[in-house]
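Visitor: What follows is the file upload31.pdb, containing PDB, C-alpha atoms:
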ATOM      1  CA  MET D  25      -3.645 -11.288  -4.152
ATOM      2  CA  CYS D  26      -2.696  -7.790  -5.295
ATOM      3  CA  LEU D  27      -4.842  -7.798  -8.413
ATOM      4  CA  ALA D  28      -8.169  -6.171  -9.162
ATOM      5  CA  ILE D  29      -9.896  -8.262 -11.797
ATOM      6  CA  PRO D  30     -12.970  -7.216 -13.783
ATOM      7  CA  GLY D  31     -15.834  -9.646 -14.198
ATOM      8  CA  GLN D  32     -19.466  -9.675 -15.310
ATOM      9  CA  ILE D  33     -22.250 -11.034 -13.149
ATOM     10  CA  VAL D  34     -23.973 -13.969 -14.828
ATOM     11  CA  GLU D  35     -26.518 -14.898 -12.197
ATOM     12  CA  MET D  36     -27.212 -14.474  -8.550
ATOM     13  CA  SER D  37     -26.855 -17.546  -6.402
ATOM     14  CA  SER D  38     -30.171 -19.067  -5.470
ATOM     15  CA  ASP D  39     -29.048 -20.260  -2.060
ATOM     16  CA  GLN D  40     -27.081 -17.238  -0.871
ATOM     17  CA  SER D  41     -28.316 -13.823  -1.876
ATOM     18  CA  THR D  42     -24.877 -12.211  -1.610
ATOM     19  CA  THR D  43     -23.067 -14.710  -3.825
ATOM     20  CA  ALA D  44     -23.080 -14.547  -7.604
ATOM     21  CA  LEU D  45     -21.698 -16.471 -10.538
ATOM     22  CA  ILE D  46     -19.266 -14.201 -12.348
ATOM     23  CA  ASP D  47     -17.692 -14.556 -15.766
ATOM     24  CA  VAL D  48     -14.125 -13.424 -16.321
ATOM     25  CA  VAL D  49     -13.393 -13.931 -20.008
ATOM     26  CA  GLY D  50     -14.983 -17.351 -20.054
ATOM     27  CA  VAL D  51     -13.931 -18.557 -16.635
ATOM     28  CA  ARG D  52     -16.871 -18.659 -14.249
ATOM     29  CA  ARG D  53     -16.579 -18.654 -10.521
ATOM     30  CA  LYS D  54     -18.682 -17.769  -7.493
ATOM     31  CA  VAL D  55     -17.817 -14.395  -6.011
ATOM     32  CA  ASP D  56     -19.046 -12.803  -2.803
ATOM     33  CA  LEU D  57     -21.049  -9.583  -3.210
ATOM     34  CA  GLY D  58     -21.339  -8.971   0.532
ATOM     35  CA  LEU D  59     -19.242  -5.806   0.459
ATOM     36  CA  LEU D  60     -21.709  -4.232  -1.980
ATOM     37  CA  GLN D  61     -24.867  -5.214  -0.129
ATOM     38  CA  ASP D  62     -26.041  -1.606   0.131
ATOM     39  CA  ASP D  63     -26.197  -1.407  -3.646
ATOM     40  CA  LEU D  64     -26.162  -4.965  -4.900
ATOM     41  CA  PRO D  65     -25.166  -5.390  -8.525
ATOM     42  CA  LYS D  66     -27.441  -7.420 -10.781
ATOM     43  CA  PRO D  67     -26.811  -9.853 -13.633
ATOM     44  CA  GLY D  68     -25.113  -8.099 -16.518
ATOM     45  CA  ASP D  69     -23.349  -5.584 -14.259
ATOM     46  CA  TRP D  70     -19.568  -5.404 -14.161
ATOM     47  CA  VAL D  71     -17.609  -5.501 -10.919
ATOM     48  CA  LEU D  72     -14.007  -5.331  -9.812
ATOM     49  CA  ILE D  73     -13.035  -8.520  -7.990
ATOM     50  CA  HIS D  74     -10.349  -8.877  -5.337
ATOM     51  CA  VAL D  75      -9.631 -12.030  -3.283
ATOM     52  CA  GLY D  76     -13.013 -13.505  -4.173
ATOM     53  CA  PHE D  77     -15.063 -10.446  -3.259
ATOM     54  CA  ALA D  78     -16.643  -7.855  -5.533
ATOM     55  CA  MET D  79     -15.177  -4.535  -4.403
ATOM     56  CA  SER D  80     -17.033  -2.070  -6.587
ATOM     57  CA  LYS D  81     -19.295  -1.741  -9.573
ATOM     58  CA  ILE D  82     -17.596  -0.548 -12.727
ATOM     59  CA  SER D  83     -18.610   0.257 -16.283
ATOM     60  CA  GLU D  84     -18.055  -2.119 -19.167
ATOM     61  CA  GLN D  85     -15.456   0.240 -20.592
ATOM     62  CA  ASP D  86     -13.624   0.300 -17.245
ATOM     63  CA  ALA D  87     -13.674  -3.507 -17.293
ATOM     64  CA  ILE D  88     -12.070  -3.605 -20.732
ATOM     65  CA  ASP D  89      -9.516  -0.971 -19.744
ATOM     66  CA  GLN D  90      -8.618  -2.837 -16.550
ATOM     67  CA  MET D  91      -8.197  -6.146 -18.395
ATOM     68  CA  ASN D  92      -6.022  -4.447 -20.997
ATOM     69  CA  THR D  93      -3.950  -2.901 -18.216
ATOM     70  CA  LEU D  94      -3.453  -6.299 -16.590
ATOM     71  CA  ARG D  95      -2.446  -7.700 -19.964
ATOM     72  CA  ALA D  96      -0.028  -4.840 -20.670
ATOM     73  CA  LEU D  97       1.625  -5.332 -17.295
ATOM     74  CA  GLY D  98       2.043  -9.051 -17.880
ATOM     75  CA  GLU D  99      -0.276  -9.804 -14.962
ATOM     76  CA  ILE D 100      -3.005 -11.553 -16.935
ATOM     77  CA  ASP D 101      -1.791 -15.057 -16.115
ATOM     78  CA  GLY D 102      -1.715 -14.215 -12.435
ATOM     79  CA  ALA D 103      -5.200 -12.735 -12.649
ATOM     80  CA  MET D 104      -6.663 -15.793 -14.357
ATOM     81  CA  GLN D 105      -4.858 -18.117 -11.975
ATOM     82  CA  GLU D 106      -6.469 -16.245  -9.094
ATOM     83  CA  ILE D 107      -9.932 -16.400 -10.655
ATOM     84  CA  GLU D 108      -9.552 -20.101 -11.396
ATOM     85  CA  GLY D 109      -8.460 -20.652  -7.818
ATOM     86  CA  TYR D 110     -11.616 -19.268  -6.221
ATOM     87  CA  GLY D 111     -13.878 -21.841  -4.647
ATOM     88  CA  LEU D 112     -11.244 -24.480  -3.867
ATOM     89  CA  ASP D 113     -12.641 -27.688  -5.370
ATOM     90  CA  ASP D 114     -16.088 -26.224  -5.787
ATOM     91  CA  HIS D 115     -15.744 -25.897  -9.536
ATOM     92  CA  ASP D 116     -18.907 -27.697 -10.451
ATOM     93  CA  VAL D 117     -20.805 -24.675 -11.685
ATOM     94  CA  ASP D 118     -22.459 -24.818 -15.065
ATOM     95  CA  GLY D 119     -20.782 -23.355 -18.092
ATOM     96  CA  ILE D 120     -17.335 -23.444 -16.594
ATOM     97  CA  SER D 121     -14.495 -23.058 -19.026
ATOM     98  CA  ASP D 122     -11.085 -24.416 -18.299
ATOM     99  CA  THR D 123      -9.775 -23.361 -21.682
ATOM    100  CA  ALA D 124      -9.325 -19.674 -21.228
ATOM    101  CA  ASP D 125      -6.664 -19.208 -23.847
ATOM    102  CA  ASP D 126      -8.671 -16.482 -25.506
ATOM    103  CA  TYR D 127      -8.165 -14.194 -22.545
ATOM    104  CA  ARG D 128      -4.717 -13.468 -23.909
ATOM    105  CA  SER D 129      -6.200 -11.865 -26.977
ATOM    106  CA  PRO D 130      -7.474  -8.304 -26.510
ATOM    107  CA  ALA D 131      -9.623  -8.632 -29.640
ATOM    108  CA  ALA D 132     -11.250 -11.810 -28.406
ATOM    109  CA  TYR D 133     -11.921 -10.218 -25.066
ATOM    110  CA  LYS D 134     -13.505  -7.194 -26.683
ATOM    111  CA  ASP D 135     -15.682  -9.416 -28.867
ATOM    112  CA  ARG D 136     -16.763 -11.368 -25.866
ATOM    113  CA  VAL D 137     -17.793  -8.392 -23.798
ATOM    114  CA  SER D 138     -19.332  -6.322 -26.579
TER     115      SER D 138
ATOM    116  CA  MET S  19       7.035 -18.322 -22.261
ATOM    117  CA  LYS S  20       6.180 -16.292 -19.206
ATOM    118  CA  PHE S  21       7.990 -12.935 -19.052
ATOM    119  CA  VAL S  22       9.948 -13.552 -22.249
ATOM    120  CA  ASP S  23       6.939 -12.642 -24.368
ATOM    121  CA  GLU S  24       6.443  -9.449 -22.421
ATOM    122  CA  PHE S  25      10.080  -8.547 -23.023
ATOM    123  CA  ARG S  26       9.367  -8.774 -26.726
ATOM    124  CA  GLU S  27       6.783  -6.060 -26.958
ATOM    125  CA  PRO S  28       8.958  -3.193 -28.159
ATOM    126  CA  GLU S  29       6.061  -1.389 -29.815
ATOM    127  CA  VAL S  30       4.174  -1.180 -26.502
ATOM    128  CA  ILE S  31       7.230   0.037 -24.647
ATOM    129  CA  THR S  32       8.248   2.510 -27.347
ATOM    130  CA  LYS S  33       4.760   3.945 -27.522
ATOM    131  CA  THR S  34       4.553   4.266 -23.742
ATOM    132  CA  ALA S  35       7.971   5.912 -23.542
ATOM    133  CA  GLU S  36       7.068   8.387 -26.261
ATOM    134  CA  GLU S  37       3.862   9.280 -24.481
ATOM    135  CA  ILE S  38       5.721   9.865 -21.206
ATOM    136  CA  ARG S  39       8.303  12.060 -22.960
ATOM    137  CA  ARG S  40       5.518  14.024 -24.597
ATOM    138  CA  LEU S  41       3.749  14.627 -21.291
ATOM    139  CA  ALA S  42       6.821  15.392 -19.168
ATOM    140  CA  ASP S  43       7.598  19.096 -18.950
ATOM    141  CA  PRO S  44      11.369  19.400 -19.572
ATOM    142  CA  LYS S  45      11.515  22.383 -17.213
ATOM    143  CA  ARG S  46      10.413  20.252 -14.280
ATOM    144  CA  HIS S  47      12.020  17.446 -12.299
ATOM    145  CA  TYR S  48       9.526  14.730 -11.397
ATOM    146  CA  ARG S  49       9.902  12.384  -8.457
ATOM    147  CA  LEU S  50       7.531   9.443  -8.617
ATOM    148  CA  MET S  51       7.297   6.836  -5.911
ATOM    149  CA  GLU S  52       6.003   3.329  -6.382
ATOM    150  CA  VAL S  53       4.567   1.716  -3.304
ATOM    151  CA  CYS S  54       5.163  -1.969  -3.618
ATOM    152  CA  GLY S  55       7.666  -4.441  -4.934
ATOM    153  CA  GLY S  56       5.280  -5.591  -7.649
ATOM    154  CA  HIS S  57       5.590  -2.183  -9.272
ATOM    155  CA  THR S  58       9.355  -2.193  -8.839
ATOM    156  CA  HIS S  59       9.363  -5.573 -10.544
ATOM    157  CA  ALA S  60       7.276  -4.247 -13.463
ATOM    158  CA  ILE S  61       9.501  -1.183 -13.840
ATOM    159  CA  TYR S  62      12.597  -3.363 -14.155
ATOM    160  CA  ARG S  63      10.921  -6.062 -16.199
ATOM    161  CA  PHE S  64       9.996  -3.558 -18.874
ATOM    162  CA  GLY S  65      13.210  -1.543 -18.532
ATOM    163  CA  LEU S  66      11.192   1.590 -17.847
ATOM    164  CA  LYS S  67      13.903   3.168 -15.724
ATOM    165  CA  ASP S  68      16.326   3.326 -18.642
ATOM    166  CA  ILE S  69      13.896   4.730 -21.168
ATOM    167  CA  LEU S  70      12.389   7.439 -19.015
ATOM    168  CA  PRO S  71      13.573  11.016 -19.522
ATOM    169  CA  GLU S  72      16.270  12.084 -17.075
ATOM    170  CA  ASN S  73      13.969  14.520 -15.320
ATOM    171  CA  ILE S  74      11.785  11.654 -14.094
ATOM    172  CA  GLU S  75      13.210  10.072 -10.966
ATOM    173  CA  LEU S  76      11.742   6.878  -9.556
ATOM    174  CA  ILE S  77      11.808   6.399  -5.808
ATOM    175  CA  HIS S  78      11.100   3.066  -4.147
ATOM    176  CA  GLY S  79       8.305   3.322  -1.635
ATOM    177  CA  PRO S  80       7.427   1.728   1.683
ATOM    178  CA  GLY S  81       6.614  -1.739   0.345
ATOM    179  CA  CYS S  82       3.528  -3.916   0.343
ATOM    180  CA  PRO S  83       2.190  -5.886   3.292
ATOM    181  CA  VAL S  84       3.968  -9.041   2.131
ATOM    182  CA  CYS S  85       7.330  -7.314   1.497
ATOM    183  CA  VAL S  86       7.410  -5.550   4.834
ATOM    184  CA  LEU S  87       5.951  -8.284   7.013
ATOM    185  CA  PRO S  88       8.209  -8.644  10.048
ATOM    186  CA  MET S  89       9.722 -12.106  10.191
ATOM    187  CA  GLY S  90       8.312 -12.526  13.693
ATOM    188  CA  ARG S  91       4.781 -12.429  12.318
ATOM    189  CA  ILE S  92       5.317 -15.375  10.006
ATOM    190  CA  ASP S  93       7.163 -17.159  12.819
ATOM    191  CA  ASP S  94       4.182 -16.614  15.131
ATOM    192  CA  GLY S  95       1.741 -17.906  12.527
ATOM    193  CA  LEU S  96       3.810 -20.982  11.797
ATOM    194  CA  SER S  97       4.334 -21.578  15.505
ATOM    195  CA  ILE S  98       0.552 -21.751  16.001
ATOM    196  CA  ALA S  99       0.280 -24.125  13.060
ATOM    197  CA  GLN S 100       2.805 -26.508  14.621
ATOM    198  CA  ASN S 101      -0.227 -27.869  16.402
ATOM    199  CA  PRO S 102      -1.313 -30.827  14.232
ATOM    200  CA  ASN S 103      -4.941 -29.816  14.704
ATOM    201  CA  VAL S 104      -4.344 -26.490  12.963
ATOM    202  CA  ILE S 105      -4.614 -25.811   9.238
ATOM    203  CA  PHE S 106      -2.469 -22.863   8.109
ATOM    204  CA  ALA S 107      -4.340 -21.138   5.258
ATOM    205  CA  ALA S 108      -2.818 -18.223   3.367
ATOM    206  CA  PHE S 109      -2.646 -16.538  -0.007
ATOM    207  CA  GLY S 110      -0.041 -17.952  -2.359
ATOM    208  CA  ASP S 111       1.993 -14.746  -1.976
ATOM    209  CA  MET S 112       2.897 -15.843   1.549
ATOM    210  CA  MET S 113       4.130 -19.316   0.700
ATOM    211  CA  ARG S 114       7.767 -18.466   0.039
ATOM    212  CA  VAL S 115       8.141 -15.737   2.640
ATOM    213  CA  PRO S 116      10.896 -16.942   4.965
ATOM    214  CA  GLY S 117      10.526 -17.325   8.702
ATOM    215  CA  ARG S 118      13.411 -18.203  10.995
ATOM    216  CA  GLN S 119      12.655 -21.884  10.554
ATOM    217  CA  GLY S 120      11.749 -21.610   6.884
ATOM    218  CA  SER S 121       8.797 -20.559   4.761
ATOM    219  CA  PRO S 122       5.239 -21.917   4.939
ATOM    220  CA  LEU S 123       6.050 -23.993   1.857
ATOM    221  CA  GLU S 124       9.079 -25.511   3.589
ATOM    222  CA  HIS S 125       6.960 -26.230   6.664
ATOM    223  CA  LYS S 126       4.434 -27.939   4.407
ATOM    224  CA  ALA S 127       7.227 -30.135   3.063
ATOM    225  CA  ARG S 128       7.998 -31.083   6.667
ATOM    226  CA  GLY S 129       4.398 -32.141   7.254
ATOM    227  CA  MET S 130       2.542 -29.033   8.345
ATOM    228  CA  ASP S 131      -1.009 -28.728   7.012
ATOM    229  CA  VAL S 132      -0.510 -25.638   4.844
ATOM    230  CA  ARG S 133      -3.163 -24.663   2.284
ATOM    231  CA  ILE S 134      -3.102 -22.002  -0.387
ATOM    232  CA  VAL S 135      -6.340 -20.073  -0.718
ATOM    233  CA  TYR S 136      -7.227 -17.343  -3.174
ATOM    234  CA  SER S 137      -9.965 -15.898  -0.992
ATOM    235  CA  PRO S 138     -10.677 -15.657   2.745
ATOM    236  CA  SER S 139     -14.008 -17.311   1.849
ATOM    237  CA  ASP S 140     -12.096 -20.419   0.878
ATOM    238  CA  ALA S 141     -10.351 -20.488   4.251
ATOM    239  CA  LEU S 142     -13.801 -20.376   5.818
ATOM    240  CA  LYS S 143     -14.865 -23.216   3.591
ATOM    241  CA  LEU S 144     -11.908 -25.219   4.897
ATOM    242  CA  ALA S 145     -13.254 -24.664   8.403
ATOM    243  CA  ARG S 146     -16.696 -25.894   7.349
ATOM    244  CA  THR S 147     -15.340 -29.021   5.710
ATOM    245  CA  ASN S 148     -12.780 -29.794   8.422
ATOM    246  CA  PRO S 149     -14.776 -29.491  11.651
ATOM    247  CA  GLU S 150     -12.226 -31.573  13.545
ATOM    248  CA  LYS S 151      -9.471 -29.055  12.706
ATOM    249  CA  HIS S 152      -8.935 -25.389  13.500
ATOM    250  CA  VAL S 153      -8.337 -23.218  10.433
ATOM    251  CA  MET S 154      -6.078 -20.222  10.924
ATOM    252  CA  PHE S 155      -6.283 -17.778   8.050
ATOM    253  CA  PHE S 156      -3.054 -15.788   7.822
ATOM    254  CA  ALA S 157      -4.755 -12.504   6.910
ATOM    255  CA  ILE S 158      -2.643  -9.973   5.072
ATOM    256  CA  GLY S 159      -3.172  -6.999   2.785
ATOM    257  CA  PHE S 160      -3.898  -3.298   2.625
ATOM    258  CA  GLU S 161      -7.137  -1.465   3.426
ATOM    259  CA  THR S 162      -8.620  -2.916   0.275
ATOM    260  CA  THR S 163      -8.150  -6.525   1.384
ATOM    261  CA  ALA S 164      -9.054  -6.088   5.049
ATOM    262  CA  PRO S 165     -12.843  -5.726   4.443
ATOM    263  CA  SER S 166     -12.921  -9.189   2.856
ATOM    264  CA  THR S 167     -11.245 -10.650   5.933
ATOM    265  CA  ALA S 168     -13.654  -8.752   8.199
ATOM    266  CA  LEU S 169     -16.704  -9.972   6.297
ATOM    267  CA  THR S 170     -15.375 -13.532   6.437
ATOM    268  CA  ILE S 171     -15.008 -13.277  10.221
ATOM    269  CA  MET S 172     -18.590 -11.972  10.408
ATOM    270  CA  ARG S 173     -19.745 -14.913   8.308
ATOM    271  CA  ALA S 174     -17.924 -17.362  10.591
ATOM    272  CA  LYS S 175     -19.608 -15.809  13.600
ATOM    273  CA  SER S 176     -23.072 -15.833  12.053
ATOM    274  CA  GLU S 177     -22.637 -19.493  11.096
ATOM    275  CA  GLY S 178     -21.520 -20.332  14.609
ATOM    276  CA  LEU S 179     -18.189 -21.697  13.392
ATOM    277  CA  THR S 180     -15.746 -21.870  16.269
ATOM    278  CA  ASN S 181     -12.883 -23.550  14.397
ATOM    279  CA  PHE S 182     -11.933 -20.518  12.300
ATOM    280  CA  SER S 183      -9.498 -17.742  13.233
ATOM    281  CA  ALA S 184      -7.896 -14.911  11.328
ATOM    282  CA  PHE S 185      -4.320 -14.056  12.302
ATOM    283  CA  CYS S 186      -4.408 -10.373  11.436
ATOM    284  CA  ASN S 187      -1.426  -8.932   9.583
ATOM    285  CA  HIS S 188      -3.289  -6.240   7.693
ATOM    286  CA  VAL S 189      -1.579  -2.901   7.352
ATOM    287  CA  THR S 190      -2.778   0.515   6.269
ATOM    288  CA  ILE S 191      -0.968   2.530   3.645
ATOM    289  CA  ILE S 192      -2.178   6.043   4.487
ATOM    290  CA  PRO S 193      -0.011   6.457   7.636
ATOM    291  CA  ALA S 194       3.065   5.268   5.703
ATOM    292  CA  ILE S 195       2.442   7.753   2.891
ATOM    293  CA  ARG S 196       1.736  10.515   5.403
ATOM    294  CA  ALA S 197       4.987   9.757   7.264
ATOM    295  CA  ILE S 198       6.934   9.976   4.006
ATOM    296  CA  LEU S 199       5.303  13.236   3.015
ATOM    297  CA  ASP S 200       5.844  14.704   6.488
ATOM    298  CA  SER S 201       9.437  13.502   6.786
ATOM    299  CA  ARG S 202      12.128  16.137   7.126
ATOM    300  CA  HIS S 203      14.912  13.594   7.350
ATOM    301  CA  ALA S 204      14.611  11.823   4.060
ATOM    302  CA  SER S 205      17.701  10.137   2.651
ATOM    303  CA  GLY S 206      19.410  10.392   6.045
ATOM    304  CA  ARG S 207      20.056  14.088   5.687
ATOM    305  CA  ILE S 208      19.200  16.276   8.589
ATOM    306  CA  HIS S 209      17.222  19.434   7.858
ATOM    307  CA  ARG S 210      16.591  18.404   4.320
ATOM    308  CA  PRO S 211      13.246  19.734   3.139
ATOM    309  CA  ARG S 212      10.483  17.182   2.988
ATOM    310  CA  PRO S 213      10.752  14.909  -0.050
ATOM    311  CA  ARG S 214       8.948  16.445  -2.968
ATOM    312  CA  LEU S 215       6.917  13.704  -4.487
ATOM    313  CA  HIS S 216       4.937  14.602  -7.548
ATOM    314  CA  GLY S 217       3.012  11.397  -7.771
ATOM    315  CA  ASP S 218       2.819   7.896  -6.580
ATOM    316  CA  ARG S 219       1.893   4.569  -8.023
ATOM    317  CA  MET S 220      -0.523   3.064  -5.611
ATOM    318  CA  PRO S 221      -1.199  -0.658  -5.512
ATOM    319  CA  SER S 222      -3.981  -1.796  -7.772
ATOM    320  CA  LEU S 223      -5.506  -2.927  -4.530
TER     321      LEU S 223
END
So, in terms of structure tokens, how does the structure I just supplied come out?
Guide:
Amino acid sequence: MCLAIPGQIVEMSSDQSTTALIDVVGVRRKVDLGLLQDDLPKPGDWVLIHVGFAMSKISEQDAIDQMNTLRALGEIDGAMQEIEGYGLDDHDVDGISDTADDYRSPAAYKDRVS
Amino acid sequence: MKFVDEFREPEVITKTAEEIRRLADPKRHYRLMEVCGGHTHAIYRFGLKDILPENIELIHGPGCPVCVLPMGRIDDGLSIAQNPNVIFAAFGDMMRVPGRQGSPLEHKARGMDVRIVYSPSDALKLARTNPEKHVMFFAIGFETTAPSTALTIMRAKSEGLTNFSAFCNHVTIIPAIRAILDSRHASGRIHRPRPRLHGDRMPSL
């Protein structure tokens, strides 16, 4: 619950305008954008996620730095566990990846986001 | 293996320690305070305390909302959830926090309907999918977490859901930091000048 996790918006939800599908190093979950409704991010933008809500827009470089910080602090497993936990059993979104081993590799993460 | 691998990253630690030594002015004495137990844990896990220069002093701060939650609050929440029609929903961080009659996890083992959620939105979803039950979200966190709880309550209201409640245990960090900075009685000494903090390590959120 104490983590701020960077993710990239893949697509806006068609049914709810303030929900979006977000990719965090291959794991995709729905995240609430309601706290940013005055300046809604769009697909391709990066956001900082906390307890299932996008808290702020960030740059791609900030996203990489934040992920590297989480990795350096040994918090990456906790971060991915939190992301994977969003949505309870509602994990039927397309393109979902349950094999997120590559998130442990900084190089793989950089390749993925660049 | 979790944690063991992190212990075996001497190059990261050595590089970090060298950078800190390079930046620290030997003529100064630095007092740095970390706010929450997660930081304290990281400091000890990586052995940072022992590799820092002697003129950098680490001071443990006021604690995070989970660490400093009065036992009575968890007791109150669990007391409400004794009602078999109530679902107790909380972040995983709360599950092992002890109340007088045990933790939420221990209550779950005794039959209480306790659910771990990673987002307040998921507690709201529980309310939608369990209309015959009342979902009590044990809300906790700093200023950064409270807006998510507030928005979830607004969503519940706009949807007309009447079987969702948030038991508010949010705390704000600014008054705690201000009290520390304004304190003239730090360390139990009377008339000691206010603690001279040169930095703090705020929670990531």
Visitor: Which residues match the PyMOL selection byres ((chain D) within 6 of (chain S)) in the file above, as a PyMOL selection string?
Guide: chain D and resi 26+75-76+109-111
Visitor: Measure the distance from CA of Ile191 in chain S to CA of His59 in chain S in Å and round it to one decimal.
Guide: 19.3 Å
Visitor: Hey, what's within 9 Å of Asp56 in chain D if we count only C-alpha atoms and toss same-chain stuff fewer than 6 positions away? As an MDAnalysis selection string, please?
Guide: (chainID D and resid 42:45 76:78) or (chainID S and resid 139)
Visitor: CA of Ala164 in chain S and CA of Ile29 in chain D are how many Å apart?
Guide: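 Taking CA of Ala164 in chain S as the start and CA of Ile29 in chain D as the end point, the length is 17.0 Å.
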Visitor: Identify all residues satisfying the PyMOL selection byres ((chain D and resi 68) around 10) in the given file; provide them as a PyMOL selection string.
Guide: chain D and resi 31-35+46-47+65-67+69-71+84
Visitor: Please, what distance in Å, to one decimal, runs between CA of Ala107 in chain S and CA of Glu161 in chain S?
Guide: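 These two atoms are separated by 20.0 Å.
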